[in-house]
Amino acid sequence: MHTLKVDLGARSYPIHIGRGLLARGELLRPAIAGSRVAVVTNTTVAPLYLQTALAQLASWQPVSVVLPDGEQYKTLDVLNRIFTTLLENRCDRKTTLVALGGGVVGDMTGFAAATYQRGVPFIQIPTTLLAQVDSSVGGKTGVNHPLGKNMIGAFHQPNCVIIDTDTLGTLPDNELSAGLAEVIKYGLIGDAEFFTWLEQNMDRLLKRDPEALAFAIECSCADKARVVAADEREAGVRALLNLGHTFGHAIETGAGYGNWLHGEAVAAGMCMAADLSRRLGWLSAEEFARIEALVRRARLPTRAPKSLSSAQLRELMSVDKKVEAGKLKLVLPKGLGQSVITAEFPPAKLLETLEQCREAA
Ligand SMILES: NC(=O)c1ccc[n+]([C@@H]2O[C@H](COP(=O)([O-])OP(=O)(O)OC[C@H]3O[C@@H](n4cnc5c(N)ncnc54)[C@H](O)[C@@H]3O)[C@@H](O)[C@H]2O)c1
Ligand SMILES: [Zn+2]
């Protein structure tokens with residue numbers, strides 16, 4: 001097992017990464033405050049891992065909440081079911097919530113923990129690659145609104161993140177690929193060496209080689225922990241983690257929640273950001289080709305769906321949280337392994353990207 005630390009003063013917490021950690025109750029214990037625990041999961045993850053998790057928590061009279069599975073259920077309505085179960089079971093302010101599942105369960109449980117009785121502690125046990133490398137670390141929590149993704153939320157750091165890499169064994173192929181999109185993102189943002197490692201090891205990752213996966217998860221979490229420690233509330237550098245996301249959120253919202261996986265949309269979004277950088281002269285044709293090739297090798301889309309016009313995409317991008325005082329800010333690669341946050345690009349170039357980076361009709 002390897003343990004990293006997210007350094008946030010009094011709110012610091014460990015990230016444990018290794019095989020079989022779900023059955024290691026001693027890792028949970030130090031992160032539990034109070035005498036009650038509620039595990040939140042969904043209908044897909046519950047039959048696979050809930051019993052093992054509950055067995056570790058027997059001394060805390062665990063309550064479980066099993067939500068429907070899917071991004072389309074990441075809503076205030078469904079969130080309310082968590083609160084109802086907690087209240088029905090008389091869970092008090094000292095209850096610790098445990099998120100057992102992918103990013104949807106993690107974001108919803110985190111938001112429930114941020115707001116239930118004005119805030120209770122929580123633990124992340126991410127079971128998708130995407131949640132293990134990204135959403136479980138950093139304390140962003142929330143739900144979607146019909147008019148925009150993740151528009152309702154709060155910052156609330158977990159007490160501990162437990163990554164059992166064995167849980168990836170049951171993950172569908174397309175979900176594994178979706179997680180790889182966020183992994184590639186770390187290479188592009190600020191880790192050129194990791195980008196090259198990914199080019200050399202993509203096949204091992206797709207074959208789920210445990211050592212390669214553990215290494216990729218550790219690098220990703222270390223990169224994310226560093227950025228979060230430097231800028232917890234996204235006043236500056238943390239926004240770099242949004243590479244590909246403003247384009248991606250437009251695709252996700254435009255295609256309808258649940259039709260494109262988050263990671264798939266981010267993958268296409270990163271290629272669109274790289275395309276814009278190329279048009280601005282910030283990436284060479286060869287660098288752009290390497291990015292697109294790596295995304296394609298991870299079995300991910302490199303373009304937006306043809307069903308969305310460039311005008312629709314542009315409109316959807318302006319709802320994104322990254323719009324400040326009417327100016328759209330984007331994260332754009334500037335060379336391989338380096339990215340910048342900028343509003344300084346000619347709008348016409350962005351429109352060219354939106355027009356050109358769509359699947360052929
Ligand atoms: N908070 C953040 O910082 C942050 C960062 C990135 C993404 N997100 C959010 O994360 C969400 C996407 O997360 P995701 O990709 O994990 O999606 P997800 O939670 O929908 O999980 C994907 C699918 O895999 C299933 N699943 C989970 N674990 C499994 C396992 N071990 N075996 C088999 N099936 C399993 C789930 O039930 C679901 O069907 C989005 O809502 C996105 O906005 C949040
Ligand atoms: Zn993401």
# chains A, B, ... in the order shown; residues from 1 in each chain; ligands from 1
$ closest_atom_pairs --of "chain A" --to "ligand 2" --cutoff "8 Å" --atoms "only C-alpha atoms and all ligand atoms" --output "JSON lines"
{"residue": "A:Leu130", "atom": "CA", "partner": "ligand 2", "partner_atom_place_in_ligand_line": "1 (Zn)", "distance": 7.7}
{"residue": "A:Asp134", "atom": "CA", "partner": "ligand 2", "partner_atom_place_in_ligand_line": "1 (Zn)", "distance": 6.9}
{"residue": "A:Ser135", "atom": "CA", "partner": "ligand 2", "partner_atom_place_in_ligand_line": "1 (Zn)", "distance": 7.2}
{"residue": "A:Glu182", "atom": "CA", "partner": "ligand 2", "partner_atom_place_in_ligand_line": "1 (Zn)", "distance": 6.2}
{"residue": "A:Leu241", "atom": "CA", "partner": "ligand 2", "partner_atom_place_in_ligand_line": "1 (Zn)", "distance": 7.9}
{"residue": "A:Asn242", "atom": "CA", "partner": "ligand 2", "partner_atom_place_in_ligand_line": "1 (Zn)", "distance": 7.0}
{"residue": "A:His245", "atom": "CA", "partner": "ligand 2", "partner_atom_place_in_ligand_line": "1 (Zn)", "distance": 6.5}
{"residue": "A:His262", "atom": "CA", "partner": "ligand 2", "partner_atom_place_in_ligand_line": "1 (Zn)", "distance": 6.5}
{"residue": "A:Gly263", "atom": "CA", "partner": "ligand 2", "partner_atom_place_in_ligand_line": "1 (Zn)", "distance": 6.3}
{"residue": "A:Val266", "atom": "CA", "partner": "ligand 2", "partner_atom_place_in_ligand_line": "1 (Zn)", "distance": 6.5}
$ write_last_selection --atoms "all heavy atoms" --output "PDB file, in the first residue's frame"
ATOM      1  N   LEU A 130     -11.925   6.940 -12.824  1.00  0.00           N
ATOM      2  CA  LEU A 130     -12.099   8.395 -12.819  1.00  0.00           C
ATOM      3  C   LEU A 130     -12.191   8.936 -11.389  1.00  0.00           C
ATOM      4  O   LEU A 130     -11.565   9.935 -11.046  1.00  0.00           O
ATOM      5  CB  LEU A 130     -13.339   8.793 -13.619  1.00  0.00           C
ATOM      6  CG  LEU A 130     -13.497  10.312 -13.755  1.00  0.00           C
ATOM      7  CD1 LEU A 130     -13.870  10.688 -15.163  1.00  0.00           C
ATOM      8  CD2 LEU A 130     -14.478  10.856 -12.751  1.00  0.00           C
ATOM      9  N   ASP A 134      -9.374  11.364  -9.704  1.00  0.00           N
ATOM     10  CA  ASP A 134      -9.818  12.744  -9.805  1.00  0.00           C
ATOM     11  C   ASP A 134     -10.871  13.137  -8.774  1.00  0.00           C
ATOM     12  O   ASP A 134     -10.586  13.850  -7.811  1.00  0.00           O
ATOM     13  CB  ASP A 134     -10.343  13.001 -11.234  1.00  0.00           C
ATOM     14  CG  ASP A 134     -10.530  14.470 -11.534  1.00  0.00           C
ATOM     15  OD1 ASP A 134     -10.354  15.289 -10.617  1.00  0.00           O
ATOM     16  OD2 ASP A 134     -10.857  14.817 -12.689  1.00  0.00           O
ATOM     17  N   SER A 135     -12.102  12.650  -8.945  1.00  0.00           N
ATOM     18  CA  SER A 135     -13.197  13.272  -8.194  1.00  0.00           C
ATOM     19  C   SER A 135     -13.141  13.028  -6.687  1.00  0.00           C
ATOM     20  O   SER A 135     -13.686  13.824  -5.925  1.00  0.00           O
ATOM     21  CB  SER A 135     -14.547  12.800  -8.753  1.00  0.00           C
ATOM     22  OG  SER A 135     -14.671  11.413  -8.660  1.00  0.00           O
ATOM     23  N   GLU A 182      -8.915  11.539 -17.690  1.00  0.00           N
ATOM     24  CA  GLU A 182      -8.430  12.433 -16.627  1.00  0.00           C
ATOM     25  C   GLU A 182      -6.947  12.154 -16.348  1.00  0.00           C
ATOM     26  O   GLU A 182      -6.195  13.058 -16.000  1.00  0.00           O
ATOM     27  CB  GLU A 182      -9.262  12.268 -15.343  1.00  0.00           C
ATOM     28  CG  GLU A 182     -10.773  12.438 -15.522  1.00  0.00           C
ATOM     29  CD  GLU A 182     -11.270  13.886 -15.521  1.00  0.00           C
ATOM     30  OE1 GLU A 182     -10.436  14.815 -15.503  1.00  0.00           O
ATOM     31  OE2 GLU A 182     -12.509  14.076 -15.567  1.00  0.00           O
ATOM     32  N   LEU A 241      -6.940  22.187 -13.722  1.00  0.00           N
ATOM     33  CA  LEU A 241      -7.530  20.836 -13.741  1.00  0.00           C
ATOM     34  C   LEU A 241      -8.760  20.791 -14.645  1.00  0.00           C
ATOM     35  O   LEU A 241      -9.291  19.719 -14.916  1.00  0.00           O
ATOM     36  CB  LEU A 241      -7.918  20.405 -12.327  1.00  0.00           C
ATOM     37  CG  LEU A 241      -6.766  20.245 -11.324  1.00  0.00           C
ATOM     38  CD1 LEU A 241      -7.315  19.985  -9.931  1.00  0.00           C
ATOM     39  CD2 LEU A 241      -5.850  19.099 -11.738  1.00  0.00           C
ATOM     40  N   ASN A 242      -9.219  21.954 -15.074  1.00  0.00           N
ATOM     41  CA  ASN A 242     -10.387  21.992 -15.953  1.00  0.00           C
ATOM     42  C   ASN A 242     -10.023  21.872 -17.420  1.00  0.00           C
ATOM     43  O   ASN A 242     -10.878  22.073 -18.293  1.00  0.00           O
ATOM     44  CB  ASN A 242     -11.166  23.288 -15.734  1.00  0.00           C
ATOM     45  CG  ASN A 242     -11.696  23.388 -14.325  1.00  0.00           C
ATOM     46  OD1 ASN A 242     -12.111  22.387 -13.753  1.00  0.00           O
ATOM     47  ND2 ASN A 242     -11.652  24.565 -13.740  1.00  0.00           N
ATOM     48  N   HIS A 245     -12.503  20.630 -19.926  1.00  0.00           N
ATOM     49  CA  HIS A 245     -13.801  20.512 -19.267  1.00  0.00           C
ATOM     50  C   HIS A 245     -14.843  21.517 -19.748  1.00  0.00           C
ATOM     51  O   HIS A 245     -16.031  21.225 -19.689  1.00  0.00           O
ATOM     52  CB  HIS A 245     -13.646  20.608 -17.749  1.00  0.00           C
ATOM     53  CG  HIS A 245     -13.174  19.329 -17.123  1.00  0.00           C
ATOM     54  ND1 HIS A 245     -11.951  18.762 -17.431  1.00  0.00           N
ATOM     55  CD2 HIS A 245     -13.754  18.486 -16.231  1.00  0.00           C
ATOM     56  CE1 HIS A 245     -11.807  17.657 -16.737  1.00  0.00           C
ATOM     57  NE2 HIS A 245     -12.884  17.450 -16.009  1.00  0.00           N
ATOM     58  N   HIS A 262     -18.634  11.345 -18.728  1.00  0.00           N
ATOM     59  CA  HIS A 262     -17.865  12.551 -18.412  1.00  0.00           C
ATOM     60  C   HIS A 262     -16.453  12.470 -19.011  1.00  0.00           C
ATOM     61  O   HIS A 262     -16.002  13.393 -19.684  1.00  0.00           O
ATOM     62  CB  HIS A 262     -17.808  12.725 -16.889  1.00  0.00           C
ATOM     63  CG  HIS A 262     -16.918  13.837 -16.435  1.00  0.00           C
ATOM     64  ND1 HIS A 262     -17.278  15.157 -16.548  1.00  0.00           N
ATOM     65  CD2 HIS A 262     -15.671  13.835 -15.906  1.00  0.00           C
ATOM     66  CE1 HIS A 262     -16.294  15.917 -16.085  1.00  0.00           C
ATOM     67  NE2 HIS A 262     -15.310  15.139 -15.690  1.00  0.00           N
ATOM     68  N   GLY A 263     -15.793  11.364 -18.782  1.00  0.00           N
ATOM     69  CA  GLY A 263     -14.418  11.218 -19.279  1.00  0.00           C
ATOM     70  C   GLY A 263     -14.344  11.256 -20.804  1.00  0.00           C
ATOM     71  O   GLY A 263     -13.381  11.776 -21.377  1.00  0.00           O
ATOM     72  N   VAL A 266     -14.609  14.846 -21.752  1.00  0.00           N
ATOM     73  CA  VAL A 266     -13.351  15.531 -21.419  1.00  0.00           C
ATOM     74  C   VAL A 266     -12.268  15.178 -22.446  1.00  0.00           C
ATOM     75  O   VAL A 266     -11.469  16.039 -22.836  1.00  0.00           O
ATOM     76  CB  VAL A 266     -12.904  15.165 -19.984  1.00  0.00           C
ATOM     77  CG1 VAL A 266     -11.469  15.596 -19.717  1.00  0.00           C
ATOM     78  CG2 VAL A 266     -13.851  15.798 -18.971  1.00  0.00           C
TER      79      VAL A 266
END
$ residues_near_ligand --ligand "ligand 1" --cutoff "8 Å" --atoms "only C-alpha atoms and all ligand atoms" --output "PyMOL selection string"
chain A and resi 42-45+48-49+69-71+74+101-107+126-131+134-144+149-150+167-172+175+178-179+182+261-263
$ closest_residue --among "A:Arg299, A:Glu355, A:Leu188, A:Glu287" --to "Leu205 in chain A" --atoms "only C-alpha atoms"
A:Arg299
$ atom_distance --atom1 "CA of Leu97 in chain A" --atom2 "CA of Val120 in chain A"
7.4 Å
$ closest_residue --among "A:Leu308, A:Ala265, A:Ala225, A:Leu100" --to "Glu359 in chain A" --atoms "only C-alpha atoms"
A:Leu308
$ decode --residues "range 220-249 of chain A" --atoms "N, CA and C atoms" --output "PDB file, in the first residue's frame"
ATOM      1  N   SER A 220      -1.315  10.479 -10.741  1.00  0.00           N
ATOM      2  CA  SER A 220      -2.453  11.377 -10.906  1.00  0.00           C
ATOM      3  C   SER A 220      -2.844  12.000  -9.573  1.00  0.00           C
ATOM      4  N   CYS A 221      -2.959  11.160  -8.532  1.00  0.00           N
ATOM      5  CA  CYS A 221      -3.348  11.676  -7.212  1.00  0.00           C
ATOM      6  C   CYS A 221      -2.289  12.636  -6.677  1.00  0.00           C
ATOM      7  N   ALA A 222      -1.006  12.320  -6.913  1.00  0.00           N
ATOM      8  CA  ALA A 222       0.060  13.208  -6.429  1.00  0.00           C
ATOM      9  C   ALA A 222      -0.045  14.560  -7.136  1.00  0.00           C
ATOM     10  N   ASP A 223      -0.282  14.532  -8.443  1.00  0.00           N
ATOM     11  CA  ASP A 223      -0.436  15.789  -9.185  1.00  0.00           C
ATOM     12  C   ASP A 223      -1.637  16.570  -8.671  1.00  0.00           C
ATOM     13  N   LYS A 224      -2.755  15.859  -8.485  1.00  0.00           N
ATOM     14  CA  LYS A 224      -3.961  16.564  -8.034  1.00  0.00           C
ATOM     15  C   LYS A 224      -3.766  17.107  -6.623  1.00  0.00           C
ATOM     16  N   ALA A 225      -3.180  16.299  -5.735  1.00  0.00           N
ATOM     17  CA  ALA A 225      -2.976  16.735  -4.347  1.00  0.00           C
ATOM     18  C   ALA A 225      -2.110  17.991  -4.298  1.00  0.00           C
ATOM     19  N   ARG A 226      -1.118  18.051  -5.169  1.00  0.00           N
ATOM     20  CA  ARG A 226      -0.230  19.222  -5.212  1.00  0.00           C
ATOM     21  C   ARG A 226      -1.014  20.477  -5.624  1.00  0.00           C
ATOM     22  N   VAL A 227      -1.810  20.352  -6.649  1.00  0.00           N
ATOM     23  CA  VAL A 227      -2.578  21.502  -7.138  1.00  0.00           C
ATOM     24  C   VAL A 227      -3.608  21.947  -6.098  1.00  0.00           C
ATOM     25  N   VAL A 228      -4.288  20.976  -5.467  1.00  0.00           N
ATOM     26  CA  VAL A 228      -5.314  21.310  -4.468  1.00  0.00           C
ATOM     27  C   VAL A 228      -4.670  21.971  -3.247  1.00  0.00           C
ATOM     28  N   ALA A 229      -3.505  21.465  -2.836  1.00  0.00           N
ATOM     29  CA  ALA A 229      -2.821  22.057  -1.673  1.00  0.00           C
ATOM     30  C   ALA A 229      -2.422  23.499  -1.972  1.00  0.00           C
ATOM     31  N   ALA A 230      -2.082  23.779  -3.223  1.00  0.00           N
ATOM     32  CA  ALA A 230      -1.645  25.134  -3.591  1.00  0.00           C
ATOM     33  C   ALA A 230      -2.833  26.086  -3.725  1.00  0.00           C
ATOM     34  N   ASP A 231      -4.013  25.549  -4.032  1.00  0.00           N
ATOM     35  CA  ASP A 231      -5.142  26.429  -4.373  1.00  0.00           C
ATOM     36  C   ASP A 231      -6.455  25.680  -4.158  1.00  0.00           C
ATOM     37  N   GLU A 232      -6.815  25.509  -2.882  1.00  0.00           N
ATOM     38  CA  GLU A 232      -7.965  24.680  -2.536  1.00  0.00           C
ATOM     39  C   GLU A 232      -9.263  25.168  -3.184  1.00  0.00           C
ATOM     40  N   ARG A 233      -9.482  26.488  -3.195  1.00  0.00           N
ATOM     41  CA  ARG A 233     -10.776  27.036  -3.634  1.00  0.00           C
ATOM     42  C   ARG A 233     -10.783  27.540  -5.065  1.00  0.00           C
ATOM     43  N   GLU A 234      -9.792  27.131  -5.826  1.00  0.00           N
ATOM     44  CA  GLU A 234      -9.729  27.489  -7.242  1.00  0.00           C
ATOM     45  C   GLU A 234      -9.708  28.997  -7.485  1.00  0.00           C
ATOM     46  N   ALA A 235      -8.773  29.670  -6.783  1.00  0.00           N
ATOM     47  CA  ALA A 235      -8.572  31.099  -7.058  1.00  0.00           C
ATOM     48  C   ALA A 235      -7.592  31.259  -8.216  1.00  0.00           C
ATOM     49  N   GLY A 236      -6.851  30.215  -8.520  1.00  0.00           N
ATOM     50  CA  GLY A 236      -5.826  30.324  -9.565  1.00  0.00           C
ATOM     51  C   GLY A 236      -5.496  28.985 -10.201  1.00  0.00           C
ATOM     52  N   VAL A 237      -4.343  28.412  -9.827  1.00  0.00           N
ATOM     53  CA  VAL A 237      -3.825  27.226 -10.543  1.00  0.00           C
ATOM     54  C   VAL A 237      -4.785  26.041 -10.592  1.00  0.00           C
ATOM     55  N   ARG A 238      -5.654  25.912  -9.587  1.00  0.00           N
ATOM     56  CA  ARG A 238      -6.533  24.735  -9.591  1.00  0.00           C
ATOM     57  C   ARG A 238      -7.378  24.683 -10.868  1.00  0.00           C
ATOM     58  N   ALA A 239      -7.647  25.847 -11.437  1.00  0.00           N
ATOM     59  CA  ALA A 239      -8.452  25.881 -12.664  1.00  0.00           C
ATOM     60  C   ALA A 239      -7.786  25.102 -13.799  1.00  0.00           C
ATOM     61  N   LEU A 240      -6.477  24.879 -13.687  1.00  0.00           N
ATOM     62  CA  LEU A 240      -5.801  24.088 -14.727  1.00  0.00           C
ATOM     63  C   LEU A 240      -6.397  22.684 -14.850  1.00  0.00           C
ATOM     64  N   LEU A 241      -6.940  22.187 -13.722  1.00  0.00           N
ATOM     65  CA  LEU A 241      -7.530  20.836 -13.741  1.00  0.00           C
ATOM     66  C   LEU A 241      -8.760  20.791 -14.645  1.00  0.00           C
ATOM     67  N   ASN A 242      -9.219  21.954 -15.074  1.00  0.00           N
ATOM     68  CA  ASN A 242     -10.387  21.992 -15.953  1.00  0.00           C
ATOM     69  C   ASN A 242     -10.023  21.872 -17.420  1.00  0.00           C
ATOM     70  N   LEU A 243      -8.790  21.546 -17.718  1.00  0.00           N
ATOM     71  CA  LEU A 243      -8.411  21.356 -19.125  1.00  0.00           C
ATOM     72  C   LEU A 243      -9.415  20.414 -19.807  1.00  0.00           C
ATOM     73  N   GLY A 244      -9.942  20.861 -20.909  1.00  0.00           N
ATOM     74  CA  GLY A 244     -10.891  20.038 -21.666  1.00  0.00           C
ATOM     75  C   GLY A 244     -12.300  20.056 -21.124  1.00  0.00           C
ATOM     76  N   HIS A 245     -12.503  20.630 -19.926  1.00  0.00           N
ATOM     77  CA  HIS A 245     -13.801  20.512 -19.267  1.00  0.00           C
ATOM     78  C   HIS A 245     -14.843  21.517 -19.748  1.00  0.00           C
ATOM     79  N   THR A 246     -14.415  22.714 -20.173  1.00  0.00           N
ATOM     80  CA  THR A 246     -15.419  23.676 -20.635  1.00  0.00           C
ATOM     81  C   THR A 246     -16.022  23.170 -21.955  1.00  0.00           C
ATOM     82  N   PHE A 247     -15.152  22.671 -22.831  1.00  0.00           N
ATOM     83  CA  PHE A 247     -15.650  22.017 -24.049  1.00  0.00           C
ATOM     84  C   PHE A 247     -16.458  20.764 -23.658  1.00  0.00           C
ATOM     85  N   GLY A 248     -15.897  19.995 -22.747  1.00  0.00           N
ATOM     86  CA  GLY A 248     -16.514  18.713 -22.358  1.00  0.00           C
ATOM     87  C   GLY A 248     -17.889  18.893 -21.737  1.00  0.00           C
ATOM     88  N   HIS A 249     -18.014  19.879 -20.841  1.00  0.00           N
ATOM     89  CA  HIS A 249     -19.322  20.102 -20.211  1.00  0.00           C
ATOM     90  C   HIS A 249     -20.364  20.500 -21.256  1.00  0.00           C
TER      91      HIS A 249
END
